[in-house]
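Listing of input-v8.txt; format and content: compact mmCIF, C-alpha atoms.
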```txt
# COMPACT_ATOMS: atom_id res chain seq x y z
CA MET A 1 9.37 -89.62 -264.93
CA GLU A 2 7.68 -86.22 -265.06
CA PRO A 3 4.29 -85.76 -263.39
CA THR A 4 1.15 -85.75 -265.53
CA CYS A 5 0.13 -82.21 -266.52
CA ARG A 6 -3.51 -81.16 -266.18
CA PRO A 7 -3.63 -77.45 -267.08
CA GLY A 8 -7.37 -77.48 -267.74
CA THR A 9 -8.13 -78.93 -264.32
CA ALA A 10 -5.69 -76.49 -262.75
CA LEU A 11 -7.42 -73.54 -264.44
CA ALA A 12 -10.82 -74.71 -263.18
CA ALA A 13 -9.45 -75.18 -259.66
CA ALA A 14 -7.82 -71.74 -259.77
CA ALA A 15 -11.11 -70.17 -260.83
CA VAL A 16 -13.02 -71.86 -258.00
CA LEU A 17 -10.38 -70.81 -255.47
CA GLY A 18 -10.42 -67.26 -256.81
CA VAL A 19 -14.20 -67.01 -256.36
CA ALA A 20 -13.99 -68.52 -252.87
CA ILE A 21 -11.25 -66.09 -251.84
CA ALA A 22 -13.19 -63.12 -253.28
CA LEU A 23 -16.32 -64.11 -251.33
CA ALA A 24 -14.29 -64.61 -248.17
CA LEU A 25 -12.66 -61.18 -248.51
CA ARG A 26 -16.05 -59.60 -249.13
CA SER A 27 -17.45 -61.21 -245.99
CA LEU A 28 -14.38 -60.23 -243.98
CA ALA A 29 -14.62 -56.61 -245.15
CA ARG A 30 -18.11 -56.39 -243.66
CA ARG A 31 -16.85 -57.42 -240.24
CA PRO A 32 -16.20 -54.51 -237.83
CA ALA A 33 -12.53 -53.63 -237.39
CA ASP A 34 -10.68 -54.27 -234.14
CA PRO A 35 -11.23 -51.63 -231.45
CA ASP A 36 -7.48 -50.94 -231.33
CA GLY A 37 -7.27 -50.54 -235.06
CA ARG A 38 -3.97 -52.42 -235.19
CA ALA A 39 -2.41 -55.65 -233.98
CA ALA A 40 -0.33 -55.66 -230.83
CA ALA A 41 3.44 -56.01 -231.10
CA GLY A 42 4.53 -59.60 -231.43
CA SER A 43 1.03 -60.77 -232.29
CA ALA A 44 0.22 -63.45 -234.86
CA TRP A 45 0.02 -62.71 -238.57
CA ILE A 46 -3.61 -63.79 -238.57
CA GLY A 47 -5.16 -61.13 -236.35
CA PRO A 48 -8.15 -61.45 -234.01
CA ARG A 49 -10.51 -60.00 -236.62
CA VAL A 50 -9.70 -62.72 -239.16
CA ARG A 51 -9.72 -65.44 -236.51
CA ALA A 52 -13.13 -64.34 -235.24
CA TRP A 53 -14.46 -64.22 -238.81
CA TYR A 54 -13.22 -67.72 -239.59
CA ARG A 55 -14.64 -69.14 -236.36
CA GLY A 56 -17.94 -67.53 -237.25
CA ALA A 57 -17.81 -69.09 -240.70
CA LEU A 58 -17.24 -72.49 -239.10
CA GLU A 59 -20.06 -72.09 -236.59
CA PRO A 60 -22.72 -73.83 -238.76
CA ALA A 61 -20.42 -76.85 -239.16
CA GLU A 62 -19.71 -76.81 -235.43
CA THR A 63 -23.45 -76.72 -234.68
CA TRP A 64 -24.10 -79.63 -237.04
CA LEU A 65 -21.30 -81.70 -235.53
CA ALA A 66 -22.64 -81.12 -232.02
CA ALA A 67 -26.19 -82.02 -233.08
CA SER A 68 -24.94 -85.15 -234.86
CA GLY A 69 -23.17 -86.43 -231.77
CA TRP A 70 -19.60 -86.02 -232.96
CA SER A 71 -16.99 -85.97 -230.23
CA PRO A 72 -14.04 -83.57 -230.18
CA ASP A 73 -11.70 -86.57 -229.98
CA ALA A 74 -13.06 -87.85 -233.30
CA LEU A 75 -12.11 -84.57 -234.96
CA THR A 76 -8.69 -84.64 -233.30
CA TYR A 77 -7.99 -88.13 -234.62
CA ALA A 78 -9.39 -87.21 -238.04
CA GLN A 79 -6.99 -84.27 -238.14
CA LEU A 80 -4.14 -86.64 -237.32
CA VAL A 81 -5.16 -89.05 -240.10
CA LEU A 82 -5.38 -86.20 -242.62
CA SER A 83 -1.93 -84.98 -241.59
CA VAL A 84 -0.49 -88.46 -242.11
CA LEU A 85 -2.15 -88.54 -245.54
CA ALA A 86 -0.69 -85.10 -246.26
CA GLY A 87 2.75 -86.46 -245.44
CA TRP A 88 2.14 -89.35 -247.83
CA ALA A 89 0.96 -86.91 -250.52
CA TYR A 90 4.12 -84.82 -250.15
CA ALA A 91 6.27 -87.94 -250.29
CA THR A 92 4.61 -88.95 -253.57
CA ALA A 93 4.88 -85.41 -255.03
CA ALA A 94 1.10 -84.84 -254.92
CA VAL A 95 1.68 -81.30 -253.67
CA PHE A 96 -1.75 -79.86 -254.48
CA LEU A 97 -3.50 -82.72 -252.68
CA ALA A 98 -1.12 -82.33 -249.73
CA GLY A 99 -1.97 -78.64 -249.46
CA CYS A 100 -5.70 -79.35 -249.44
CA LEU A 101 -5.20 -81.98 -246.73
CA VAL A 102 -3.09 -79.60 -244.62
CA LEU A 103 -5.73 -76.86 -244.82
CA THR A 104 -8.51 -79.32 -243.96
CA ALA A 105 -6.51 -80.66 -241.02
CA GLY A 106 -6.03 -77.10 -239.79
CA THR A 107 -9.76 -76.50 -239.97
CA LEU A 108 -10.44 -79.64 -237.93
CA ASP A 109 -7.84 -78.48 -235.42
CA ILE A 110 -9.96 -75.36 -234.88
CA LEU A 111 -13.25 -77.23 -234.86
CA ASP A 112 -12.29 -79.79 -232.20
CA GLY A 113 -11.66 -77.12 -229.56
CA GLY A 114 -14.81 -75.20 -230.46
CA LEU A 115 -16.88 -78.39 -230.36
CA ALA A 116 -15.48 -79.29 -226.94
CA ARG A 117 -16.43 -75.86 -225.57
CA ARG A 118 -19.87 -76.02 -227.16
CA CYS A 119 -20.54 -79.44 -225.65
CA GLY A 120 -19.21 -78.35 -222.26
CA ILE A 121 -16.56 -81.07 -222.12
CA ALA A 122 -13.41 -79.00 -222.60
CA GLY A 123 -10.81 -79.95 -220.01
CA PRO A 124 -7.22 -81.01 -219.30
CA ARG A 125 -7.65 -84.48 -220.76
CA GLY A 126 -8.90 -83.17 -224.10
CA ALA A 127 -6.18 -80.53 -224.18
CA LEU A 128 -3.56 -83.22 -223.64
CA VAL A 129 -4.93 -85.48 -226.38
CA ASP A 130 -5.15 -82.54 -228.79
CA SER A 131 -1.60 -81.39 -228.03
CA VAL A 132 -0.09 -84.86 -228.44
CA ALA A 133 -2.01 -85.46 -231.67
CA ASP A 134 -0.82 -82.10 -233.00
CA ARG A 135 2.83 -83.05 -232.44
CA TRP A 136 2.39 -86.38 -234.24
CA ALA A 137 0.52 -84.62 -237.06
CA GLU A 138 3.30 -82.11 -237.63
CA PHE A 139 5.90 -84.86 -237.53
CA ALA A 140 4.07 -86.89 -240.18
CA THR A 141 3.68 -83.90 -242.47
CA PHE A 142 7.33 -82.90 -242.24
CA VAL A 143 8.50 -86.47 -242.81
CA GLY A 144 6.64 -86.39 -246.11
CA LEU A 145 8.24 -83.07 -246.98
CA GLY A 146 11.62 -84.54 -246.09
CA VAL A 147 11.05 -87.37 -248.56
CA LEU A 148 10.01 -84.86 -251.23
CA TYR A 149 13.20 -82.81 -250.76
CA ARG A 150 15.52 -85.67 -249.89
CA ASP A 151 17.97 -85.03 -252.74
CA GLY A 152 18.81 -81.37 -252.17
CA TRP A 153 19.77 -78.65 -249.72
CA MET A 154 16.10 -77.95 -249.01
CA LEU A 155 16.10 -81.04 -246.79
CA GLY A 156 17.98 -78.95 -244.22
CA VAL A 157 15.32 -76.23 -244.47
CA VAL A 158 12.58 -78.81 -243.93
CA ALA A 159 14.41 -80.11 -240.85
CA LEU A 160 14.78 -76.56 -239.49
CA ALA A 161 11.10 -75.81 -240.14
CA ALA A 162 10.11 -79.01 -238.36
CA PHE A 163 12.35 -78.20 -235.41
CA GLY A 164 11.09 -74.62 -235.20
CA SER A 165 7.44 -75.68 -235.36
CA GLN A 166 7.92 -78.20 -232.56
CA MET A 167 9.82 -75.67 -230.44
CA VAL A 168 7.11 -73.02 -230.80
CA SER A 169 4.63 -75.38 -229.18
CA TYR A 170 7.11 -76.74 -226.64
CA VAL A 171 8.16 -73.32 -225.35
CA ARG A 172 4.53 -72.32 -224.88
CA ALA A 173 3.68 -75.53 -223.06
CA ARG A 174 6.74 -75.27 -220.81
CA ALA A 175 6.16 -71.59 -220.06
CA GLU A 176 2.50 -72.11 -219.22
CA ALA A 177 3.40 -75.05 -216.98
CA LEU A 178 5.54 -72.57 -215.03
CA GLY A 179 2.66 -70.10 -214.81
CA VAL A 180 3.57 -67.78 -217.69
CA ALA A 181 0.85 -67.12 -220.28
CA MET A 182 2.41 -67.44 -223.73
CA ALA A 183 0.13 -67.00 -226.74
CA THR A 184 2.22 -64.49 -228.69
CA GLY A 185 4.31 -65.05 -231.80
CA ARG A 186 4.04 -64.61 -235.53
CA ALA A 187 4.09 -68.29 -236.50
CA GLN A 188 1.38 -69.90 -234.38
CA ARG A 189 -0.41 -73.05 -235.55
CA PRO A 190 -3.02 -71.33 -237.78
CA GLU A 191 -0.26 -69.34 -239.50
CA ARG A 192 1.78 -72.48 -240.09
CA TYR A 193 -1.21 -74.35 -241.50
CA LEU A 194 -2.12 -71.47 -243.82
CA LEU A 195 1.44 -70.80 -244.99
CA LEU A 196 2.27 -74.42 -245.76
CA GLY A 197 -1.14 -75.48 -247.04
CA GLY A 198 -1.75 -72.36 -249.12
CA ALA A 199 1.72 -72.46 -250.68
CA SER A 200 1.30 -76.15 -251.50
CA VAL A 201 -2.02 -75.54 -253.25
CA LEU A 202 -0.49 -72.66 -255.21
CA ALA A 203 2.59 -74.73 -256.04
CA GLY A 204 0.43 -77.54 -257.37
CA LEU A 205 -1.56 -75.16 -259.55
CA VAL A 206 1.57 -73.45 -260.89
CA GLY A 207 3.16 -76.81 -261.60
CA HIS A 208 0.22 -77.96 -263.73
CA LEU A 209 -0.31 -74.61 -265.46
CA THR A 210 3.35 -74.38 -266.57
CA CYS A 211 3.84 -78.02 -267.61
CA PRO A 212 5.82 -79.49 -269.24
CA GLY A 213 9.05 -78.71 -267.49
CA GLY A 214 9.42 -80.94 -264.46
CA ARG A 215 8.41 -79.36 -261.16
CA PRO A 216 8.32 -75.56 -261.66
CA GLY A 217 5.74 -75.02 -258.93
CA TYR A 218 8.09 -76.34 -256.25
CA GLY A 219 9.74 -72.93 -256.06
CA VAL A 220 6.60 -71.58 -254.40
CA LEU A 221 6.61 -74.38 -251.84
CA SER A 222 10.35 -74.06 -251.26
CA LEU A 223 10.02 -70.34 -250.58
CA SER A 224 7.19 -70.95 -248.12
CA LEU A 225 9.32 -73.51 -246.27
CA VAL A 226 12.22 -71.06 -246.02
CA VAL A 227 9.82 -68.46 -244.56
CA LEU A 228 8.24 -71.05 -242.29
CA ALA A 229 11.62 -72.18 -240.97
CA GLY A 230 12.70 -68.60 -240.30
CA VAL A 231 9.55 -67.37 -238.57
CA SER A 232 9.09 -70.59 -236.58
CA VAL A 233 12.60 -70.45 -235.14
CA TRP A 234 12.21 -66.72 -234.49
CA THR A 235 8.86 -67.27 -232.73
CA ALA A 236 10.34 -70.02 -230.56
CA VAL A 237 13.31 -67.82 -229.61
CA GLU A 238 11.09 -64.81 -228.92
CA ARG A 239 8.71 -66.86 -226.79
CA GLY A 240 11.65 -68.25 -224.84
CA ARG A 241 13.02 -64.75 -224.29
CA ARG A 242 9.67 -63.39 -223.11
CA ALA A 243 9.08 -66.36 -220.81
CA ALA A 244 12.55 -66.07 -219.29
CA ALA A 245 12.03 -62.34 -218.71
CA ALA A 246 8.65 -62.95 -217.05
CA LEU A 247 10.11 -65.65 -214.78
CA ARG A 248 13.05 -63.44 -213.90
CA GLY A 249 10.63 -60.67 -212.95
CA SER A 250 8.56 -62.99 -210.77
CA GLU A 251 11.68 -64.18 -208.95
CA GLY A 252 12.53 -60.60 -208.04
CA LYS A 253 9.22 -60.00 -206.31
```
Turn this file's structure into structure tokens for me.
Amino acid sequence: MEPTCRPGTALAAAAVLGVAIALALRSLARRPADPDGRAAAGSAWIGPRVRAWYRGALEPAETWLAASGWSPDALTYAQLVLSVLAGWAYATAAVFLAGCLVLTAGTLDILDGGLARRCGIAGPRGALVDSVADRWAEFATFVGLGVLYRDGWMLGVVALAAFGSQMVSYVRARAEALGVAMATGRAQRPERYLLLGGASVLAGLVGHLTCPGGRPGYGVLSLSLVVLAGVSVWTAVERGRRAAAALRGSEGK
């Protein structure tokens, strides 16, 4: 059974997103450029300028949450719930909804750390809870994607993307436990949220705008998963190489 087509709704959603993106780019353009003028080698796709701008945009929400008595743990668990719902949405072919949920979960993932620092309660216990919740959240999302792509070769790509995403975080955690700072890499968590969530939203819009015809928008999502799998595995390998080199250097001292 083919999904219901809603081209009018998709057009309205595309217009709203277009305006939002235009306003965001206008605001970002007013922000001073980085002192270096370019990103360092091996740095994330989303540079410090964009990250600082987005954190600034979230500051009013962060202030309201702190004043309302929200705890960082509540945001962490809310992010986990949204990720589980995103997995369910992927499994039921509600790709646009899944993308929105992924992007919202990513925003909460940023807010919980900022709220903890603002409230002065950031510490090892919160970092542990956040890290564990993140791993469960990614697992739930990729399970849903696996169900969506269960009948084709893309299932292998989903599995590779899931493995790469988990390894990116694992290598960093293991390296930092051994005393090696490891925050480099192209496919860090914000990049993975934006790539998967943004592509899912676009895929949903394309699917509705080009109906009838089955699931034409899935090509956008499939391409994003191929890219995500590649850059996640590459980031994990590169982090492992850098960590091993740093440890080798410390052993020689």
*Near segment 220-222 of chain A, counting all atoms listed in the file, which residues have an atom at most 10 Å away, once you skip same-chain residues fewer than 4 positions from it, shown as number ranges by chain?*
A: 95, 99, 149, 154, 157-158, 195-204, 206-207, 216, 226-228
Next, write the just-selected residues to a file, as a PDB file, keeping the file's coordinate frame, keeping C-alpha atoms as the atom set.
```
ATOM      1  CA  VAL A  95       1.680 -81.300-253.670  1.00  0.00           C
ATOM      2  CA  GLY A  99      -1.970 -78.640-249.460  1.00  0.00           C
ATOM      3  CA  TYR A 149      13.200 -82.810-250.760  1.00  0.00           C
ATOM      4  CA  MET A 154      16.100 -77.950-249.010  1.00  0.00           C
ATOM      5  CA  VAL A 157      15.320 -76.230-244.470  1.00  0.00           C
ATOM      6  CA  VAL A 158      12.580 -78.810-243.930  1.00  0.00           C
ATOM      7  CA  LEU A 195       1.440 -70.800-244.990  1.00  0.00           C
ATOM      8  CA  LEU A 196       2.270 -74.420-245.760  1.00  0.00           C
ATOM      9  CA  GLY A 197      -1.140 -75.480-247.040  1.00  0.00           C
ATOM     10  CA  GLY A 198      -1.750 -72.360-249.120  1.00  0.00           C
ATOM     11  CA  ALA A 199       1.720 -72.460-250.680  1.00  0.00           C
ATOM     12  CA  SER A 200       1.300 -76.150-251.500  1.00  0.00           C
ATOM     13  CA  VAL A 201      -2.020 -75.540-253.250  1.00  0.00           C
ATOM     14  CA  LEU A 202      -0.490 -72.660-255.210  1.00  0.00           C
ATOM     15  CA  ALA A 203       2.590 -74.730-256.040  1.00  0.00           C
ATOM     16  CA  GLY A 204       0.430 -77.540-257.370  1.00  0.00           C
ATOM     17  CA  VAL A 206       1.570 -73.450-260.890  1.00  0.00           C
ATOM     18  CA  GLY A 207       3.160 -76.810-261.600  1.00  0.00           C
ATOM     19  CA  PRO A 216       8.320 -75.560-261.660  1.00  0.00           C
ATOM     20  CA  VAL A 226      12.220 -71.060-246.020  1.00  0.00           C
ATOM     21  CA  VAL A 227       9.820 -68.460-244.560  1.00  0.00           C
ATOM     22  CA  LEU A 228       8.240 -71.050-242.290  1.00  0.00           C
TER      23      LEU A 228
END
```
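With all atoms listed in the file taken into account, the protein and nucleic acid residues at most 7 Å from segment 111-127 of chain A (excluding it and anything under 5 positions from it in its own chain) are Glu62, Ala66, Pro72, Leu75 and Thr76 of chain A.
Separating atom CA of Ser232 of chain A from atom CA of Glu59 of chain A is a distance of 29.2 Å.
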*Please provide the set of residues having any atom within 12 Å of segment 79-88 of chain A, restricted to all atoms listed in the file, with same-chain residues fewer than 2 positions apart removed, written as an MDAnalysis selection string.*
chainID A and resid 72:77 90:112 129:148 193 196:197 200:201
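Between atom CA of Val233 of chain A and atom CA of Ala161 of chain A the interatomic distance comes to 7.5 Å.
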_Neighbouring residues of Glu176 of chain A were defined as those with any atom within 12 Å, considering only C-alpha atoms; residues of the same chain fewer than 6 positions away were excluded. Please report them as an NGL selection string._
:A and (169-170 or 182-183 or 239-240 or 242-244 or 246-247)
Return segment 168-179 of chain A, completed with all heavy atoms, as an mmCIF file, in the frame of the given file.
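Result file follows (part.cif):
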```cif
data_model
loop_
_atom_site.group_PDB
_atom_site.id
_atom_site.type_symbol
_atom_site.label_atom_id
_atom_site.label_comp_id
_atom_site.auth_asym_id
_atom_site.auth_seq_id
_atom_site.Cartn_x
_atom_site.Cartn_y
_atom_site.Cartn_z
ATOM 1 N N VAL A 168 8.127 -74.033 -231.079
ATOM 2 C CA VAL A 168 7.110 -73.020 -230.800
ATOM 3 C C VAL A 168 6.095 -73.564 -229.811
ATOM 4 O O VAL A 168 5.738 -72.902 -228.821
ATOM 5 C CB VAL A 168 6.418 -72.572 -232.106
ATOM 6 C CG1 VAL A 168 5.164 -71.759 -231.794
ATOM 7 C CG2 VAL A 168 7.363 -71.744 -232.954
ATOM 8 N N SER A 169 5.622 -74.769 -230.062
ATOM 9 C CA SER A 169 4.630 -75.380 -229.180
ATOM 10 C C SER A 169 5.242 -75.781 -227.841
ATOM 11 O O SER A 169 4.615 -75.627 -226.789
ATOM 12 C CB SER A 169 4.012 -76.607 -229.860
ATOM 13 O OG SER A 169 3.383 -76.254 -231.073
ATOM 14 N N TYR A 170 6.472 -76.297 -227.883
ATOM 15 C CA TYR A 170 7.110 -76.740 -226.640
ATOM 16 C C TYR A 170 7.354 -75.576 -225.689
ATOM 17 O O TYR A 170 7.090 -75.680 -224.482
ATOM 18 C CB TYR A 170 8.430 -77.441 -226.935
ATOM 19 C CG TYR A 170 9.212 -77.759 -225.683
ATOM 20 C CD1 TYR A 170 8.857 -78.833 -224.870
ATOM 21 C CD2 TYR A 170 10.278 -76.954 -225.286
ATOM 22 C CE1 TYR A 170 9.553 -79.103 -223.699
ATOM 23 C CE2 TYR A 170 10.984 -77.219 -224.126
ATOM 24 C CZ TYR A 170 10.608 -78.300 -223.332
ATOM 25 O OH TYR A 170 11.295 -78.553 -222.170
ATOM 26 N N VAL A 171 7.872 -74.460 -226.212
ATOM 27 C CA VAL A 171 8.160 -73.320 -225.350
ATOM 28 C C VAL A 171 6.883 -72.802 -224.703
ATOM 29 O O VAL A 171 6.867 -72.467 -223.512
ATOM 30 C CB VAL A 171 8.857 -72.193 -226.150
ATOM 31 C CG1 VAL A 171 9.012 -70.932 -225.295
ATOM 32 C CG2 VAL A 171 10.225 -72.655 -226.631
ATOM 33 N N ARG A 172 5.793 -72.764 -225.469
ATOM 34 C CA ARG A 172 4.530 -72.320 -224.880
ATOM 35 C C ARG A 172 4.079 -73.263 -223.773
ATOM 36 O O ARG A 172 3.693 -72.812 -222.689
ATOM 37 C CB ARG A 172 3.449 -72.217 -225.958
ATOM 38 C CG ARG A 172 2.086 -71.846 -225.380
ATOM 39 C CD ARG A 172 1.030 -71.661 -226.427
ATOM 40 N NE ARG A 172 -0.244 -71.319 -225.830
ATOM 41 C CZ ARG A 172 -1.341 -71.004 -226.511
ATOM 42 N NH1 ARG A 172 -1.308 -70.992 -227.829
ATOM 43 N NH2 ARG A 172 -2.461 -70.702 -225.882
ATOM 44 N N ALA A 173 4.124 -74.560 -224.059
ATOM 45 C CA ALA A 173 3.680 -75.530 -223.060
ATOM 46 C C ALA A 173 4.533 -75.456 -221.796
ATOM 47 O O ALA A 173 4.027 -75.496 -220.672
ATOM 48 C CB ALA A 173 3.726 -76.943 -223.648
ATOM 49 N N ARG A 174 5.846 -75.333 -221.969
ATOM 50 C CA ARG A 174 6.740 -75.270 -220.810
ATOM 51 C C ARG A 174 6.536 -73.991 -220.022
ATOM 52 O O ARG A 174 6.524 -74.001 -218.784
ATOM 53 C CB ARG A 174 8.194 -75.349 -221.306
ATOM 54 C CG ARG A 174 9.210 -75.461 -220.191
ATOM 55 C CD ARG A 174 9.075 -76.768 -219.460
ATOM 56 N NE ARG A 174 10.075 -76.896 -218.404
ATOM 57 C CZ ARG A 174 9.812 -77.277 -217.165
ATOM 58 N NH1 ARG A 174 8.567 -77.570 -216.830
ATOM 59 N NH2 ARG A 174 10.766 -77.383 -216.281
ATOM 60 N N ALA A 175 6.364 -72.869 -220.732
ATOM 61 C CA ALA A 175 6.160 -71.590 -220.060
ATOM 62 C C ALA A 175 4.847 -71.592 -219.275
ATOM 63 O O ALA A 175 4.802 -71.148 -218.112
ATOM 64 C CB ALA A 175 6.163 -70.457 -221.080
ATOM 65 N N GLU A 176 3.787 -72.110 -219.904
ATOM 66 C CA GLU A 176 2.500 -72.110 -219.220
ATOM 67 C C GLU A 176 2.489 -73.079 -218.048
ATOM 68 O O GLU A 176 1.774 -72.862 -217.063
ATOM 69 C CB GLU A 176 1.388 -72.430 -220.226
ATOM 70 C CG GLU A 176 1.198 -71.302 -221.243
ATOM 71 C CD GLU A 176 0.068 -71.547 -222.206
ATOM 72 O OE1 GLU A 176 -0.417 -72.702 -222.282
ATOM 73 O OE2 GLU A 176 -0.338 -70.591 -222.896
ATOM 74 N N ALA A 177 3.283 -74.141 -218.121
ATOM 75 C CA ALA A 177 3.400 -75.050 -216.980
ATOM 76 C C ALA A 177 4.067 -74.358 -215.790
ATOM 77 O O ALA A 177 3.842 -74.734 -214.633
ATOM 78 C CB ALA A 177 4.207 -76.289 -217.368
ATOM 79 N N LEU A 178 4.871 -73.342 -216.086
ATOM 80 C CA LEU A 178 5.540 -72.570 -215.030
ATOM 81 C C LEU A 178 4.754 -71.318 -214.658
ATOM 82 O O LEU A 178 5.244 -70.472 -213.906
ATOM 83 C CB LEU A 178 6.946 -72.167 -215.503
ATOM 84 C CG LEU A 178 7.921 -73.336 -215.712
ATOM 85 C CD1 LEU A 178 9.212 -72.836 -216.358
ATOM 86 C CD2 LEU A 178 8.216 -74.031 -214.384
ATOM 87 N N GLY A 179 3.530 -71.208 -215.199
ATOM 88 C CA GLY A 179 2.660 -70.100 -214.810
ATOM 89 C C GLY A 179 2.792 -68.852 -215.642
ATOM 90 O O GLY A 179 2.316 -67.786 -215.236
#
```
